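A.B. asks: My structure file query-v9.cif, mmCIF, C-alpha atoms, is below:
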```
data_run
#
loop_
_atom_site.label_atom_id
_atom_site.label_comp_id
_atom_site.auth_asym_id
_atom_site.auth_seq_id
_atom_site.Cartn_x
_atom_site.Cartn_y
_atom_site.Cartn_z
CA MET A 1 -43.42 -20.67 123.22
CA PHE A 2 -44.70 -21.10 119.66
CA ILE A 3 -45.21 -17.71 118.03
CA GLN A 4 -48.05 -16.90 115.65
CA HIS A 5 -45.87 -15.55 112.81
CA LYS A 6 -44.14 -18.96 112.48
CA VAL A 7 -47.26 -20.73 111.22
CA ASN A 8 -46.05 -20.72 107.61
CA VAL A 9 -42.27 -20.98 107.29
CA ASP A 10 -39.88 -22.36 104.70
CA SER A 11 -37.38 -25.13 105.33
CA ARG A 12 -34.52 -22.79 106.15
CA GLU A 13 -36.43 -20.96 108.87
CA ARG A 14 -37.90 -24.22 110.16
CA ILE A 15 -34.52 -25.91 110.59
CA TYR A 16 -32.90 -22.76 111.95
CA CYS A 17 -35.59 -22.52 114.65
CA LEU A 18 -35.42 -26.20 115.56
CA LEU A 19 -31.63 -26.29 115.79
CA ASN A 20 -31.74 -23.20 117.97
CA LEU A 21 -34.03 -25.14 120.34
CA GLU A 22 -37.14 -23.20 119.33
CA GLU A 23 -40.47 -24.46 118.07
CA ALA A 24 -41.42 -23.88 114.43
CA ASP A 25 -44.54 -24.99 112.53
CA ARG A 26 -43.60 -28.68 112.65
CA VAL A 27 -40.64 -31.00 113.15
CA GLY A 28 -38.05 -30.98 110.37
CA TYR A 29 -37.22 -33.97 108.19
CA VAL A 30 -34.17 -35.42 106.44
CA ASP A 31 -33.11 -38.99 105.68
CA PHE A 32 -30.63 -41.27 103.94
CA PHE A 33 -31.06 -44.50 101.95
CA TRP A 34 -29.07 -47.50 100.80
CA ALA A 35 -28.72 -47.85 97.01
CA GLU A 36 -30.49 -51.21 97.19
CA THR A 37 -33.44 -49.48 98.88
CA ILE A 38 -33.80 -47.08 95.97
CA ASP A 39 -33.62 -50.02 93.55
CA ARG A 40 -36.49 -51.71 95.39
CA TRP A 41 -38.57 -48.53 95.52
CA LYS A 42 -38.24 -47.96 91.80
CA LYS A 43 -39.96 -51.30 91.31
CA GLU A 44 -42.68 -50.09 93.70
CA GLY A 45 -43.39 -46.80 91.93
CA LEU A 46 -40.56 -44.40 92.76
CA PRO A 47 -39.87 -42.36 89.60
CA GLU A 48 -36.67 -43.43 87.90
CA HIS A 49 -34.84 -40.11 88.19
CA ALA A 50 -36.54 -38.63 91.24
CA ASP A 51 -34.68 -36.09 93.34
CA LEU A 52 -35.25 -37.74 96.71
CA LYS A 53 -35.00 -34.47 98.65
CA GLU A 54 -37.80 -33.01 96.57
CA TYR A 55 -39.84 -36.19 96.17
CA PHE A 56 -40.04 -36.85 99.91
CA GLY A 57 -40.12 -33.18 100.94
CA MET A 58 -36.91 -32.96 102.93
CA ASP A 59 -35.84 -29.76 104.66
CA ILE A 60 -32.07 -30.21 104.38
CA ALA A 61 -29.54 -30.34 101.55
CA PHE A 62 -25.78 -30.79 101.53
CA ILE A 63 -22.84 -29.35 99.65
CA GLY A 64 -19.30 -30.55 100.16
CA ALA A 65 -15.76 -30.64 98.89
CA ASP A 66 -13.09 -33.20 98.05
CA VAL A 67 -10.94 -33.26 101.19
CA THR A 68 -8.80 -36.23 100.12
CA PRO A 69 -5.08 -35.78 99.42
CA LYS A 70 -6.18 -36.22 95.78
CA PHE A 71 -4.04 -39.24 94.92
CA ASP A 72 -4.82 -40.69 91.50
CA THR A 73 -6.98 -43.80 91.80
CA ILE A 74 -5.16 -46.84 90.43
CA THR A 75 -6.89 -50.19 89.88
CA ILE A 76 -4.56 -53.01 90.93
CA GLU A 77 -6.81 -56.04 90.51
CA GLU A 78 -10.35 -56.61 89.26
CA ASN A 79 -12.77 -59.48 88.73
CA SER A 80 -16.54 -59.94 88.32
CA LYS A 81 -17.18 -59.39 92.05
CA HIS A 82 -14.43 -57.21 93.47
CA ARG A 83 -12.07 -54.38 92.68
CA VAL A 84 -8.75 -53.68 94.44
CA PHE A 85 -7.35 -50.19 94.07
CA ARG A 86 -5.48 -47.32 95.70
CA ASP A 87 -8.07 -44.70 96.53
CA ALA A 88 -7.74 -40.91 96.62
CA PHE A 89 -6.45 -41.14 100.22
CA GLY A 90 -3.63 -43.46 99.15
CA VAL A 91 -5.18 -46.48 100.90
CA LYS A 92 -5.28 -49.86 99.16
CA VAL A 93 -8.88 -51.04 99.40
CA LYS A 94 -11.11 -53.85 98.18
CA THR A 95 -14.74 -53.18 97.28
CA TRP A 96 -17.75 -55.00 95.93
CA LYS A 97 -18.53 -54.07 92.33
CA HIS A 98 -22.29 -54.47 92.24
CA LYS A 99 -23.56 -53.82 95.78
CA SER A 100 -23.16 -51.34 98.60
CA GLY A 101 -20.72 -51.90 101.42
CA VAL A 102 -17.85 -50.34 103.30
CA PRO A 103 -14.54 -50.76 101.42
CA TYR A 104 -12.15 -53.19 103.10
CA ALA A 105 -8.72 -51.70 103.69
CA LEU A 106 -5.85 -53.94 102.65
CA GLU A 107 -2.96 -51.56 103.28
CA PRO A 108 -2.78 -48.14 104.95
CA ALA A 109 -1.56 -45.00 103.23
CA VAL A 110 0.93 -44.35 106.03
CA SER A 111 2.30 -46.25 109.02
CA THR A 112 4.68 -43.75 110.61
CA LEU A 113 4.85 -40.05 111.41
CA GLU A 114 7.59 -39.64 108.81
CA GLU A 115 5.39 -41.20 106.12
CA PHE A 116 2.48 -38.94 107.09
CA LYS A 117 4.69 -35.85 106.85
CA GLU A 118 6.06 -36.98 103.50
CA ARG A 119 3.02 -38.46 101.77
CA ILE A 120 -0.06 -36.76 103.21
CA GLU A 121 0.62 -33.47 104.98
CA PRO A 122 2.02 -31.58 101.94
CA LEU A 123 -1.18 -32.42 100.04
CA LEU A 124 -3.49 -31.02 102.72
CA ASP A 125 -2.99 -27.42 101.73
CA PRO A 126 -6.28 -25.49 101.82
CA GLU A 127 -4.65 -22.88 99.57
CA TYR A 128 -3.90 -25.33 96.78
CA PRO A 129 -5.68 -23.57 93.86
CA ALA A 130 -7.67 -26.66 92.88
CA ARG A 131 -9.29 -26.79 96.32
CA ILE A 132 -12.58 -25.02 96.92
CA SER A 133 -11.06 -23.48 100.06
CA SER A 134 -8.29 -21.66 98.21
CA SER A 135 -8.37 -17.89 97.83
CA LYS A 136 -7.23 -18.61 94.25
CA TYR A 137 -10.02 -21.09 93.46
CA PRO A 138 -11.26 -19.86 90.06
CA PHE A 139 -14.90 -20.98 90.30
CA LYS A 140 -16.07 -19.35 93.54
CA SER A 141 -19.09 -17.78 91.90
CA ASP A 142 -20.36 -21.22 90.86
CA VAL A 143 -20.21 -22.46 94.45
CA GLU A 144 -22.05 -19.37 95.69
CA ARG A 145 -24.75 -19.86 93.06
CA ALA A 146 -25.10 -23.53 93.96
CA VAL A 147 -25.57 -22.67 97.65
CA LYS A 148 -28.12 -19.95 96.91
CA LYS A 149 -30.05 -22.21 94.54
CA LEU A 150 -30.32 -24.94 97.17
CA GLN A 151 -31.38 -22.39 99.77
CA GLU A 152 -34.50 -21.62 97.76
CA LYS A 153 -35.87 -24.94 99.06
CA TYR A 154 -33.56 -26.23 101.79
CA PHE A 155 -31.42 -25.47 104.83
CA VAL A 156 -27.94 -26.05 103.39
CA PHE A 157 -25.15 -27.74 105.32
CA CYS A 158 -21.49 -27.92 104.46
CA SER A 159 -20.89 -31.69 104.48
CA ILE A 160 -17.41 -32.70 105.58
CA LEU A 161 -15.58 -35.87 106.57
CA GLY A 162 -14.63 -35.90 110.25
CA PRO A 163 -11.05 -36.09 111.54
CA PHE A 164 -11.44 -39.49 113.23
CA GLU A 165 -12.85 -41.15 110.10
CA TYR A 166 -10.10 -39.50 108.07
CA ALA A 167 -7.31 -40.58 110.41
CA ARG A 168 -8.72 -44.09 110.80
CA HIS A 169 -8.82 -44.55 107.04
CA ILE A 170 -5.32 -43.40 106.18
CA LEU A 171 -3.80 -45.24 109.15
CA GLY A 172 -5.40 -48.56 108.32
CA GLU A 173 -9.23 -48.32 108.41
CA ARG A 174 -9.69 -50.94 111.14
CA VAL A 175 -10.63 -49.29 114.42
CA ASP A 176 -8.34 -51.50 116.48
CA ARG A 177 -5.28 -50.19 114.61
CA ILE A 178 -5.82 -46.53 115.44
CA LEU A 179 -6.76 -47.42 119.02
CA VAL A 180 -3.48 -49.28 119.41
CA LEU A 181 -1.62 -46.31 117.93
CA MET A 182 -3.25 -43.98 120.46
CA HIS A 183 -1.41 -45.92 123.15
CA LYS A 184 1.75 -47.02 121.35
CA ASP A 185 2.44 -44.00 119.16
CA PRO A 186 0.61 -41.01 120.67
CA LYS A 187 3.01 -38.60 118.97
CA LEU A 188 1.87 -39.81 115.54
CA VAL A 189 -1.83 -39.71 116.43
CA GLU A 190 -1.71 -36.26 118.05
CA TYR A 191 0.19 -34.86 115.09
CA VAL A 192 -2.25 -36.35 112.57
CA PHE A 193 -5.31 -35.02 114.41
CA ASN A 194 -3.76 -31.57 114.72
CA VAL A 195 -3.03 -31.39 110.98
CA LEU A 196 -6.43 -32.79 110.02
CA GLY A 197 -8.26 -30.43 112.38
CA LYS A 198 -6.57 -27.40 110.87
CA PHE A 199 -7.10 -28.59 107.30
CA LEU A 200 -10.73 -29.63 107.65
CA GLY A 201 -11.43 -26.47 109.65
CA ALA A 202 -10.04 -24.34 106.83
CA VAL A 203 -12.15 -26.14 104.22
CA ALA A 204 -15.27 -25.83 106.36
CA LYS A 205 -14.58 -22.13 106.98
CA ALA A 206 -14.53 -21.49 103.23
CA PHE A 207 -18.14 -22.66 103.04
CA ILE A 208 -19.15 -20.02 105.57
CA ASP A 209 -17.91 -17.47 103.07
CA TYR A 210 -19.95 -19.24 100.37
CA GLY A 211 -23.05 -18.70 102.50
CA VAL A 212 -23.99 -22.13 103.89
CA ASP A 213 -26.33 -22.38 106.86
CA GLY A 214 -24.30 -24.81 108.98
CA VAL A 215 -21.76 -27.65 109.06
CA TRP A 216 -22.45 -31.40 109.20
CA ILE A 217 -19.49 -33.57 110.22
CA TRP A 218 -19.49 -37.30 109.40
CA ASP A 219 -17.39 -39.03 112.06
CA ASP A 220 -18.37 -42.45 113.44
CA VAL A 221 -16.74 -42.85 116.86
CA ALA A 222 -18.61 -45.78 118.43
CA TYR A 223 -19.52 -49.44 118.32
CA ARG A 224 -23.01 -50.74 118.96
CA SER A 225 -22.08 -51.24 122.62
CA GLY A 226 -20.24 -47.98 123.25
CA PRO A 227 -17.57 -45.53 122.05
CA PHE A 228 -14.33 -46.71 120.47
CA PHE A 229 -12.47 -44.90 123.24
CA SER A 230 -13.00 -43.36 126.66
CA PRO A 231 -14.14 -39.76 127.15
CA LYS A 232 -10.59 -39.01 128.29
CA MET A 233 -9.15 -40.29 125.01
CA TYR A 234 -11.78 -38.36 123.05
CA GLU A 235 -10.73 -35.17 124.84
CA LYS A 236 -7.04 -35.86 124.27
CA TYR A 237 -7.14 -36.72 120.58
CA VAL A 238 -10.39 -36.02 118.77
CA MET A 239 -12.19 -33.17 120.53
CA LYS A 240 -9.61 -30.53 119.66
CA ALA A 241 -9.86 -31.45 115.99
CA HIS A 242 -13.66 -31.29 116.14
CA ALA A 243 -13.50 -27.90 117.84
CA LYS A 244 -11.27 -26.53 115.08
CA ILE A 245 -14.25 -27.06 112.75
CA THR A 246 -17.21 -26.24 114.99
CA GLN A 247 -15.84 -23.05 116.58
CA LEU A 248 -15.73 -21.31 113.22
CA TYR A 249 -19.47 -21.88 112.83
CA ARG A 250 -20.38 -21.15 116.42
CA THR A 251 -18.80 -17.69 116.24
CA LYS A 252 -21.32 -16.99 113.45
CA ASN A 253 -24.17 -18.60 115.43
CA LEU A 254 -24.43 -21.35 112.81
CA PRO A 255 -25.23 -24.96 113.82
CA ALA A 256 -22.72 -27.79 113.86
CA VAL A 257 -24.09 -31.33 113.51
CA LEU A 258 -22.17 -34.49 114.36
CA HIS A 259 -23.11 -37.72 112.62
CA THR A 260 -21.90 -40.80 114.46
CA ASP A 261 -23.34 -44.28 114.52
CA GLY A 262 -23.19 -46.43 117.63
CA ASN A 263 -23.81 -45.88 121.32
CA VAL A 264 -22.33 -42.51 122.27
CA ASN A 265 -24.42 -41.80 125.36
CA ILE A 266 -21.40 -41.14 127.60
CA LEU A 267 -19.82 -38.82 125.04
CA VAL A 268 -22.76 -36.44 124.60
CA PRO A 269 -21.51 -33.93 127.23
CA TYR A 270 -18.14 -33.91 125.48
CA PHE A 271 -19.73 -33.34 122.07
CA ILE A 272 -21.47 -30.30 123.55
CA LYS A 273 -18.13 -29.13 124.92
CA ALA A 274 -16.59 -29.62 121.46
CA GLY A 275 -19.13 -27.17 120.02
CA PHE A 276 -21.68 -29.47 118.43
CA THR A 277 -25.26 -28.20 118.51
CA ALA A 278 -26.99 -31.32 117.15
CA LEU A 279 -26.40 -35.09 117.13
CA GLN A 280 -27.47 -37.59 114.44
CA PRO A 281 -28.63 -40.38 113.84
CA LEU A 282 -29.12 -41.71 117.42
CA GLU A 283 -28.96 -45.40 116.51
CA ALA A 284 -31.83 -47.10 118.33
CA LYS A 285 -30.42 -50.60 117.98
CA ALA A 286 -27.24 -49.36 119.68
CA GLY A 287 -29.12 -48.15 122.74
CA MET A 288 -29.65 -44.48 121.89
CA ASN A 289 -33.01 -43.08 123.01
CA VAL A 290 -34.05 -39.56 122.05
CA VAL A 291 -36.58 -39.31 124.87
CA GLU A 292 -33.89 -39.95 127.49
CA LEU A 293 -31.41 -37.68 125.71
CA LYS A 294 -33.96 -34.91 125.46
CA GLU A 295 -34.59 -35.07 129.19
CA LYS A 296 -30.87 -34.88 130.01
CA TYR A 297 -29.52 -32.52 127.38
CA GLY A 298 -32.48 -30.95 125.56
CA ASP A 299 -31.59 -27.45 126.72
CA LYS A 300 -28.07 -27.72 125.27
CA ILE A 301 -28.20 -29.74 122.04
CA ALA A 302 -30.71 -30.71 119.33
CA PHE A 303 -31.35 -34.25 118.11
CA ILE A 304 -31.86 -35.73 114.65
CA GLY A 305 -33.14 -39.27 114.07
CA ASN A 306 -33.71 -42.26 116.37
CA ILE A 307 -36.62 -43.65 114.30
CA ASP A 308 -35.81 -47.37 114.37
CA VAL A 309 -35.54 -48.67 110.78
CA ARG A 310 -36.39 -52.15 112.02
CA GLU A 311 -39.85 -50.86 112.93
CA LEU A 312 -40.25 -49.20 109.54
CA SER A 313 -39.82 -52.68 108.05
CA LYS A 314 -42.84 -54.05 109.93
CA THR A 315 -46.54 -53.13 109.95
CA LYS A 316 -48.08 -49.69 109.84
CA GLU A 317 -49.12 -50.15 113.44
CA ASN A 318 -45.48 -50.72 114.37
CA ILE A 319 -44.49 -47.57 112.52
CA LYS A 320 -47.17 -45.51 114.25
CA ARG A 321 -46.17 -46.92 117.63
CA GLU A 322 -42.49 -46.10 116.98
CA VAL A 323 -43.26 -42.52 115.99
CA PHE A 324 -45.63 -41.95 118.91
CA SER A 325 -43.13 -43.37 121.40
CA LYS A 326 -40.54 -40.74 120.51
CA ILE A 327 -41.62 -37.68 118.56
CA PRO A 328 -44.14 -36.13 121.01
CA LYS A 329 -41.44 -35.86 123.68
CA ALA A 330 -38.52 -35.19 121.32
CA MET A 331 -40.27 -32.25 119.64
CA GLU A 332 -41.15 -30.39 122.86
CA GLY A 333 -39.65 -26.91 122.80
CA GLY A 334 -38.02 -27.48 119.40
CA GLY A 335 -34.67 -29.19 118.98
CA TYR A 336 -35.78 -32.23 116.96
CA ILE A 337 -35.60 -33.25 113.30
CA ALA A 338 -37.17 -36.52 112.17
CA CYS A 339 -34.84 -39.05 110.53
CA SER A 340 -34.21 -42.78 110.60
CA ASP A 341 -31.65 -44.08 113.09
CA HIS A 342 -29.51 -45.30 110.21
CA SER A 343 -29.65 -45.29 106.43
CA VAL A 344 -32.99 -46.84 105.40
CA PRO A 345 -32.43 -50.48 104.32
CA PRO A 346 -34.18 -52.35 101.47
CA THR A 347 -36.33 -54.21 104.02
CA VAL A 348 -38.49 -51.06 104.16
CA SER A 349 -41.15 -50.84 101.46
CA LEU A 350 -41.94 -47.58 99.70
CA ASP A 351 -45.49 -47.80 101.02
CA ASN A 352 -44.27 -48.15 104.60
CA TYR A 353 -41.85 -45.25 104.21
CA LYS A 354 -44.54 -42.98 102.81
CA TYR A 355 -46.76 -43.92 105.73
CA PHE A 356 -43.96 -42.94 108.12
CA LEU A 357 -43.75 -39.52 106.44
CA LYS A 358 -47.53 -39.12 106.63
CA ILE A 359 -47.48 -39.83 110.37
CA ILE A 360 -44.67 -37.43 111.25
CA ARG A 361 -46.26 -34.63 109.21
CA LYS A 362 -49.67 -35.17 110.75
CA TYR A 363 -48.59 -35.54 114.36
CA GLY A 364 -45.31 -33.61 114.30
CA ARG A 365 -46.99 -30.22 114.12
CA TYR A 366 -46.79 -27.66 116.89
CA THR A 367 -49.97 -26.21 118.38
CA ARG A 368 -50.20 -22.45 118.29
CA LYS A 369 -50.29 -20.74 121.66
CA ASP A 370 -51.61 -17.21 121.32
#
```
Would you encode the structure as structure tokens?
C.D. replies:
Amino acid sequence: MFIQHKVNVDSRERIYCLLNLEEADRVGYVDFFWAETIDRWKKEGLPEHADLKEYFGMDIAFIGADVTPKFDTITIEENSKHRVFRDAFGVKVKTWKHKSGVPYALEPAVSTLEEFKERIEPLLDPEYPARISSSKYPFKSDVERAVKKLQEKYFVFCSILGPFEYARHILGERVDRILVLMHKDPKLVEYVFNVLGKFLGAVAKAFIDYGVDGVWIWDDVAYRSGPFFSPKMYEKYVMKAHAKITQLYRTKNLPAVLHTDGNVNILVPYFIKAGFTALQPLEAKAGMNVVELKEKYGDKIAFIGNIDVRELSKTKENIKREVFSKIPKAMEGGGYIACSDHSVPPTVSLDNYKYFLKIIRKYGRYTRKD
């Protein structure tokens, strides 16, 4: 039931209510954009140095930490188009120089359990003084001030790389490699996930002490057609690592959001079991549908996203139809934050995107019931 005293709330209270499956004054809003999209929008009137959170009126901000092993980055080869280097994880990668894209892994950081124990594990010490999680970190007051400053306008999440993305990267980046290892070398994979869960959990816990409002874990675990692995494999390898992060927040009644692209419909009950309280971005082109998810799981988990970016690239009528087909049902009883179903591509004009925001703010409001 929508309560009268929630008519005028700030972003922190709004998001807190929505993620606790309560109605607020309106649906929340957050989003993400490709660099090429921002380049296009600047030509269409976006101020050159605009803070996008403030410019578009988002409700959420992020603060994070360097969770890499902190290897020095060494450039091995470079030309006008590409750069080959060892990154901070120790992985040899190839990237485009002048456009966005996922780095292509050429060589993993480790291939065996012995290499992981020698090269990576000693560097994942949350008490290393240079890490923000260390009790000896000398600049704690700066982190606390940064969190408090952001909280004047936003609900602030600790942003942290997930254990599957981390393990996949250091073991070879390609999904098929880690999936093969799950079957051929389960000892290695279990050990890696156990270490990463403890380490990432410790880093995330430090941000609770710094005063953040929740944790947001970035961990793609699915293709367009379905998860990378079965629910059984998720339970065996990944879920325990996820729980090592989420349980620290749940004991404080703070939300835990999982970002994963792809079709994860069959994994939603397991995400709930792992301690996640919200799921994002609900990729429409991968078969995710917030209306169906709301009907099945709306009393257990909140949802963020599912606005199809392909529709945002079309006419205003398409945009209105897309919003109306999802938000009225998704927002019922709280538990929904508006967001695209993937980072907004440069096919979306600034005018179209502003129209999308206008629609969700006009029709995403809750009606008072006295």
A.B. asks: Using all atoms listed in the file, pick whichever of A:Phe229, A:Tyr237, A:Tyr249, A:Phe356 has the shortest atom-to-atom distance to Gly201 (chain A).
C.D. replies: A:Tyr249
A.B. asks: Expanded to explicit residues, what is the PyMOL selection byres ((chain A and resi 31) around 10) for this file, as a ChimeraX atom specification?
C.D. replies: /A:29-30,32-33,52-53,56,58-60,281,304-305,337-344
A.B. asks: So what does the PyMOL selection byres ((chain A and resi 255) around 9) actually pick up in this one, as a CSV table (one decimal) with C-alpha atoms, in the frame of the given file?
C.D. replies:
```csv
chain,number,residue,atom,x,y,z
A,16,TYR,CA,-32.9,-22.8,112.0
A,19,LEU,CA,-31.6,-26.3,115.8
A,20,ASN,CA,-31.7,-23.2,118.0
A,157,PHE,CA,-25.2,-27.7,105.3
A,213,ASP,CA,-26.3,-22.4,106.9
A,214,GLY,CA,-24.3,-24.8,109.0
A,215,VAL,CA,-21.8,-27.6,109.1
A,216,TRP,CA,-22.4,-31.4,109.2
A,246,THR,CA,-17.2,-26.2,115.0
A,249,TYR,CA,-19.5,-21.9,112.8
A,250,ARG,CA,-20.4,-21.2,116.4
A,252,LYS,CA,-21.3,-17.0,113.4
A,253,ASN,CA,-24.2,-18.6,115.4
A,254,LEU,CA,-24.4,-21.4,112.8
A,256,ALA,CA,-22.7,-27.8,113.9
A,257,VAL,CA,-24.1,-31.3,113.5
A,275,GLY,CA,-19.1,-27.2,120.0
A,276,PHE,CA,-21.7,-29.5,118.4
A,277,THR,CA,-25.3,-28.2,118.5
A,278,ALA,CA,-27.0,-31.3,117.2
```
A.B. asks: For each of A:Glu235, A:Glu115, A:Asp10, A:Glu36, take the minimum atom-to-atom distance to His98 (chain A), counting only C-alpha atoms, then give the residue where this is smallest.
C.D. replies: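 Distance minimum relative to His98 (chain A) lands on A:Glu36.
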A.B. asks: Please report the interatomic distance between CA of Glu152 (chain A) and CA of Tyr355 (chain A) in Å with one decimal.
C.D. replies: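 CA of Tyr355 (chain A) lies at a distance of 26.7 Å from CA of Glu152 (chain A).
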A.B. asks: Suppose a student applies the PyMOL selection byres ((chain A and resi 261) around 10) to this structure; what residues should they get, written as a VMD selection string?
C.D. replies: chain A and resid 218 to 224 226 to 227 258 to 260 262 to 264 280 to 284 286 288 341 to 342
A.B. asks: Within 10 Å of Pro269 (chain A), counting all atoms listed in the file, which residues show up once you throw out same-chain ones fewer than 3 positions away? Write them as a list in words, please.
C.D. replies: Pro231, Val264, Asn265, Ile266, Ile272, Lys273, Ala274, Phe276, Lys296, Tyr297, Lys300 and Ile301 of chain A
A.B. asks: Leaving out Arg321 (chain A) and any residue of its chain fewer than 6 positions from it, which residues lie within 12 Å of it when counting only C-alpha atoms, given as a PyMOL selection string?
C.D. replies: chain A and resi 307-308+311-312+314-315+327-328+356+359-360
A.B. asks: Kindly compute an axis-aligned box around the listed atoms of region 277-283 of chain A, allowing 5 Å on each side, and express its centre and edge lengths in Å to one decimal as lines of an AutoDock Vina configuration file.
C.D. replies:
```
center_x = -27.2
center_y = -36.8
center_z = 116.2
size_x = 13.9
size_y = 27.2
size_z = 14.7
```
A.B. asks: I'd like the interatomic distance between CA of Glu322 (chain A) and CA of Thr347 (chain A), to a tenth of an Å.
C.D. replies: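 Pair CA of Glu322 (chain A) / CA of Thr347 (chain A) returns 16.5 Å.
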A.B. asks: Could you jot down the CA of Ser135 (chain A) to CA of Phe199 (chain A) separation for me, Å, one decimal place?
C.D. replies: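 So the two atoms, CA of Ser135 (chain A) and CA of Phe199 (chain A), lie 14.3 Å apart.
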A.B. asks: Looking at A:Glu292, A:Arg119, A:His82, A:Val147, which one is nearest to Ser100 (chain A), with distances taken over all atoms listed in the file?
C.D. replies: A:His82
A.B. asks: With all atoms listed in the file as the basis for distance, which of A:Lys92, A:Lys187, A:Lys205, A:Lys148 is at the shortest distance from Glu114 (chain A)?
C.D. replies: A:Lys187
A.B. asks: Skip Met331 (chain A) itself and residues of its chain fewer than 2 positions away, then list as a ChimeraX atom specification all residues within 10 Å of it, counting all atoms listed in the file.
C.D. replies: /A:18,21-24,26-28,290-291,294,298,302-303,326-329,333-338,364-366
A.B. asks: Which residue gives the smallest distance to Gly90 (chain A) among A:Tyr166, A:Val156, A:Ser133, A:Tyr363, with all atoms listed in the file counted?
C.D. replies: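 So, comparing all the options, the nearest one is A:Tyr166.
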A.B. asks: Go through A:Val348, A:Lys244, A:Tyr210, A:Val67 and flag the residue nearest Gln151 (chain A), using all atoms listed in the file for the distances.
C.D. replies: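 Residue with the minimum atom-to-atom distance to Gln151 (chain A): A:Tyr210.
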A.B. asks: What's the 12 Å shell around Ala130 (chain A), counting only C-alpha atoms, without same-chain residues fewer than 4 positions away, as a ChimeraX atom specification?
C.D. replies: /A:65-67,69-70,123-126,134-140
A.B. asks: Would you kindly place N, CA and C atoms on region 145-157 of chain A and return the model as an mmCIF file, in the coordinates of the input?
C.D. replies:
```cif
data_model
loop_
_atom_site.group_PDB
_atom_site.id
_atom_site.type_symbol
_atom_site.label_atom_id
_atom_site.label_comp_id
_atom_site.auth_asym_id
_atom_site.auth_seq_id
_atom_site.Cartn_x
_atom_site.Cartn_y
_atom_site.Cartn_z
ATOM 1 N N ARG A 145 -23.464 -19.672 93.743
ATOM 2 C CA ARG A 145 -24.750 -19.860 93.060
ATOM 3 C C ARG A 145 -25.395 -21.180 93.452
ATOM 4 N N ALA A 146 -24.565 -22.221 93.583
ATOM 5 C CA ALA A 146 -25.100 -23.530 93.960
ATOM 6 C C ALA A 146 -25.728 -23.482 95.352
ATOM 7 N N VAL A 147 -25.049 -22.803 96.287
ATOM 8 C CA VAL A 147 -25.570 -22.670 97.650
ATOM 9 C C VAL A 147 -26.893 -21.907 97.638
ATOM 10 N N LYS A 148 -26.914 -20.782 96.945
ATOM 11 C CA LYS A 148 -28.120 -19.950 96.910
ATOM 12 C C LYS A 148 -29.284 -20.680 96.250
ATOM 13 N N LYS A 149 -28.992 -21.456 95.213
ATOM 14 C CA LYS A 149 -30.050 -22.210 94.540
ATOM 15 C C LYS A 149 -30.662 -23.236 95.484
ATOM 16 N N LEU A 150 -29.822 -23.959 96.216
ATOM 17 C CA LEU A 150 -30.320 -24.940 97.170
ATOM 18 C C LEU A 150 -31.127 -24.277 98.282
ATOM 19 N N GLN A 151 -30.705 -23.085 98.681
ATOM 20 C CA GLN A 151 -31.380 -22.390 99.770
ATOM 21 C C GLN A 151 -32.780 -21.899 99.412
ATOM 22 N N GLU A 152 -33.120 -21.958 98.139
ATOM 23 C CA GLU A 152 -34.500 -21.620 97.760
ATOM 24 C C GLU A 152 -35.484 -22.644 98.310
ATOM 25 N N LYS A 153 -34.988 -23.870 98.574
ATOM 26 C CA LYS A 153 -35.870 -24.940 99.060
ATOM 27 C C LYS A 153 -35.411 -25.569 100.375
ATOM 28 N N TYR A 154 -34.104 -25.446 100.692
ATOM 29 C CA TYR A 154 -33.560 -26.230 101.790
ATOM 30 C C TYR A 154 -32.653 -25.409 102.710
ATOM 31 N N PHE A 155 -32.482 -25.932 103.922
ATOM 32 C CA PHE A 155 -31.420 -25.470 104.830
ATOM 33 C C PHE A 155 -30.165 -26.197 104.366
ATOM 34 N N VAL A 156 -29.103 -25.472 104.061
ATOM 35 C CA VAL A 156 -27.940 -26.050 103.390
ATOM 36 C C VAL A 156 -26.756 -26.199 104.346
ATOM 37 N N PHE A 157 -26.312 -27.444 104.496
ATOM 38 C CA PHE A 157 -25.150 -27.740 105.320
ATOM 39 C C PHE A 157 -23.905 -27.957 104.461
#
```
